[in-house]
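Note sheet for the following structure.
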Amino acid sequence: MLKLNFDIKKANDSQIETFLAGYDDLWRLTKLISIKHSLEEREALKKKLKSYYGPSFSVDSDDYIYNQATNGLLFSAVSELVMYMEDLFVLMKYIREEEEFIKKVVVYYANKIGKLPEKISKMDLEAILKVFLIPSKDYIDKLVEETNSPLEHLDIYSEGISNVYRYLDDIIISFKKYRFIYNQYKHGLTVALRPYGNNLSKKELNRRKNSLDSSLFCYDNTDIGKAIERNPNQPFIIPSITENLQPGITSLNNNNNLLRYSGVYDVSIDELIKLGSKVHSLIRILSNNRYDFVKPHHSEANTFYLPVPTRKDKLRLVQFSLVPKDSLLKLNDFKVEI
């Protein structure tokens with residue numbers, strides 16, 4: 001019987017190829033856009049719910065659609081966005097794996113991934129380029145000098161790497177902003193879709209009919225001091241300080257037994273979509289740049305991509321190919337720890 005030689009690195013590349021072929025990096029952005037569509041069509045949704053729930057629903061249907069349903073759709077959008085960001089962070093950490101990509105990516109601990117943004121924010125710009133498998137400006141300058149062949153569209157290269165830095169910075173800031181309400185939304189019982197239990201005032205209802213935005217609030221019971229330490233910029237409110245509550249507020253708080261609202265004001269679906277577009281661009285270049293080490297686009301060149309969108313083409317990537325004087329860049333040239 002013929003005994004085949006097993007090369008773990010080639011097997012790893014083969015599985016990366018299969019993984020990337022089946023993975024859709026656009027789906028979560030599509031989901032965000034579909035949620036915006038649902039928000040724009042809330043009157044149609046109201047009619048659909050009336051036909052499904054029956055006459056009892058009609059009494060407060062306006063309030064439900066523009067309060068609970070609107071808040072729920074925006075919570076869902078935040079959830080999709082944060083999961084999208086987690087997808088990016090996982091790939092940033094493990095895409096350069098030469099042997100155990102599948103083992104590291106298919107099953108991972110969310111808490112561990114949640115710590116990555118803080119680590120990434122402390123990395124220098126050259127390390128960030130390595131994460132995304134992008135040759136540095138110094139390498140390109142040296143290559144130009146050696147080959148006497150200038151890189152075409154160097155201005156676009158500069159714009160592309162500037163976008164990578166800027167997008168990543170925006171994503172990390174937003175991940176910290178939205179992570180708590182994403183975690184609460186996963187559990188359902190810990191989101192206040194109808195804050196204070198009240199119907200919307202007529203003025204607020206009319207405002208919401210002309211707006212796709214809302215403030216989102218979750219239930220929180222963490223000791224106030226620890227909650228502030230967790231996120232100093234996250235607002236919180238004690239919704240109902242009754243006579244029965246007043247004498248024991250301190251003890252309830254110390255025992256993680258004091259109900260509060262914690263949340264984010266003025267959540268904009270358009271802003272979430274813009275952030276989703278940035279996440280998509282970084283995932284796409286990361287996947288494409290890694291794939292070039294699996295199936296090279298050119299046998300005698302290193303090919304990589306950068307995000308350079310235009311008003312008409314928000315998903316535009318620009319391709320660059322570098323022909324070295326001696327040897328091609330290897331995956332090991334982009335080793336970096338996150």
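Each chain in the structure tokens gets a letter, A, B and so on, in the order shown; residues start at 1 in every chain, and ligands are counted from 1 in the order they appear.
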
Among the residues of range 104-256 of chain A, find those DSSP assigns to strand (DSSP E) from the backbone and print them as a list in words.
Ser214, Ser215, Leu216, Phe217, Cys218, Tyr219, Asp220, Phe236 and Ile237 of chain A

Shell around Phe304 in chain A at 8 Å using only C-alpha atoms, local window under 6 positions removed, as a PyMOL selection string
chain A and resi 133-134+285+288-289+292+319-321

Length of the CA of Ile237 in chain A to CA of Asp62 in chain A vector [Å]
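Separation between CA of Ile237 in chain A and CA of Asp62 in chain A: 26.0 Å.
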
Point out the residue among A:Lys202, A:Arg179, A:Lys325, A:Arg208 with the least atom-to-atom distance to Val78 in chain A, counting only C-alpha atoms.
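Counting only C-alpha atoms, the residue closest to Val78 in chain A is A:Arg179.
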
Under the rule that only C-alpha atoms are counted, which of A:Leu282, A:Leu216, A:Leu129, A:Ile65 is the nearest residue to Glu40 in chain A?
A:Ile65

Using only C-alpha atoms, find the one residue out of A:Ala11, A:Leu143, A:Ala127, A:Ile228 that sits nearest to Phe101 in chain A.
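Going through A:Ala11, A:Leu143, A:Ala127, A:Ile228 one by one, the smallest distance to Phe101 in chain A is for A:Ala11.
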
Between A:Arg194, A:Lys226, A:Arg42, A:Lys103, which one has atoms that come closest to Asn67 in chain A, using only C-alpha atoms?
A:Arg194

Write out as a ChimeraX atom specification each polymer residue whose atoms come within 8 Å of Leu39 in chain A, counting only C-alpha atoms; drop sequence neighbours fewer than 2 positions from it.
/A:35-37,41-42,70,73,212

If we count only C-alpha atoms, what is near Glu337 in chain A at a cut-off of 10 Å, once residues fewer than 4 positions away on the same chain are taken out, given as a PyMOL selection string?
chain A and resi 93-94+119-120+123+127+130-131

Range 135-139 of chain A surroundings by only C-alpha atoms, 10 Å radius, close-in-sequence under 4 positions cut, as a list of chain:residue names:
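What passes the distance filter is A:Leu125, A:Glu126, A:Ala127, A:Ile128, A:Leu129, A:Lys130, A:Leu143, A:Val144, A:Glu145, A:Leu154, A:Tyr157, A:Ser158, A:Ile161, A:Asn302, A:Thr303, A:Phe304, A:Leu322, A:Leu329, A:Asp333, A:Phe334.
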
For range 82-101 of chain A versus range 24-31 of chain A, which residues have an atom no more than 12 Å away, and what is each residue's nearest atom pair and distance in Å rounded to one decimal, using only C-alpha atoms, chain-then-number order, as a Markdown table?
| residue | atom | partner | partner_atom | distance |
| --- | --- | --- | --- | --- |
| A:Val82 | CA | A:Arg28 | CA | 9.9 |
| A:Met83 | CA | A:Arg28 | CA | 8.4 |
| A:Tyr84 | CA | A:Arg28 | CA | 6.4 |
| A:Met85 | CA | A:Arg28 | CA | 10.0 |
| A:Glu86 | CA | A:Arg28 | CA | 11.6 |
| A:Asp87 | CA | A:Asp25 | CA | 9.2 |
| A:Leu88 | CA | A:Asp25 | CA | 9.7 |
| A:Leu91 | CA | A:Asp25 | CA | 11.4 |

Determine the nearest neighbour of Lys176 in chain A from the options A:Glu204, A:Glu271, A:Glu118, A:Glu243, counting only C-alpha atoms.
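Result for the nearest residue to Lys176 in chain A: A:Glu118.
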
Restricting the calculation to only C-alpha atoms, which member of A:Glu17, A:Asp270, A:Glu229, A:Asp220 is positioned closest to Leu258 in chain A?
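With only C-alpha atoms as the atom set, the closest residue is A:Asp220.
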
For Gly225 in chain A, please output as a VMD selection string all residues within 12 Å (counting only C-alpha atoms; exclusion window: fewer than 4 positions along the same chain).
chain A and resid 221 229 to 232 236 250 253 to 254 256

Dump as a CSV table (one decimal), in the first residue's frame, selection limited to N, CA and C atoms:
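part_3.csv was written with the following content:
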chain,number,residue,atom,x,y,z
A,221,ASN,N,-27.1,45.0,37.2
A,221,ASN,CA,-27.1,44.9,38.7
A,221,ASN,C,-25.7,45.0,39.3
A,229,GLU,N,-15.9,51.4,36.6
A,229,GLU,CA,-14.6,50.9,36.2
A,229,GLU,C,-14.6,50.2,34.9
A,230,ARG,N,-15.6,49.4,34.7
A,230,ARG,CA,-15.8,48.6,33.4
A,230,ARG,C,-15.9,49.5,32.2
A,231,ASN,N,-16.7,50.6,32.4
A,231,ASN,CA,-16.8,51.5,31.3
A,231,ASN,C,-17.2,52.9,31.8
A,232,PRO,N,-16.3,53.8,32.0
A,232,PRO,CA,-16.5,55.1,32.7
A,232,PRO,C,-17.5,55.9,31.9
A,236,PHE,N,-25.8,55.4,33.3
A,236,PHE,CA,-26.7,54.5,34.0
A,236,PHE,C,-27.7,55.3,34.8
A,250,THR,N,-27.7,51.3,49.4
A,250,THR,CA,-26.3,51.0,49.5
A,250,THR,C,-26.1,49.5,49.7
A,253,ASN,N,-26.8,47.7,46.4
A,253,ASN,CA,-25.8,47.9,45.4
A,253,ASN,C,-24.6,47.0,45.8
A,254,ASN,N,-24.2,47.0,47.0
A,254,ASN,CA,-23.0,46.2,47.4
A,254,ASN,C,-23.2,44.7,47.2
A,256,ASN,N,-24.9,43.5,44.6
A,256,ASN,CA,-25.2,43.3,43.2
A,256,ASN,C,-26.7,43.0,43.0

Looking only at the backbone, which of the residues in range 120-330 of chain A does DSSP tag as alpha helix (DSSP H), as JSON, numbers by chain?
{"A": [120, 121, 125, 126, 127, 128, 129, 130, 131, 137, 138, 139, 140, 141, 142, 143, 144, 145, 146, 147, 154, 155, 156, 157, 158, 159, 160, 161, 162, 163, 164, 165, 166, 167, 168, 169, 170, 171, 172, 173, 174, 175, 176, 177, 178, 179, 180, 181, 182, 183, 184, 185, 202, 203, 204, 205, 206, 207, 208, 209, 224, 225, 226, 227, 228, 229, 230, 249, 250, 251, 252, 253, 254, 269, 270, 271, 272, 273, 274, 275, 276, 277, 278, 279, 280, 281, 282, 283, 284, 285, 286, 287, 288, 289, 290, 291]}

So the first atom is CA of Ile156 in chain A and the second is CA of Val308 in chain A; what is the distance between them in Å, to one decimal place?
7.4 Å

Pairwise distance, CA of Arg316 in chain A with CA of Val279 in chain A, equals 13.4 Å
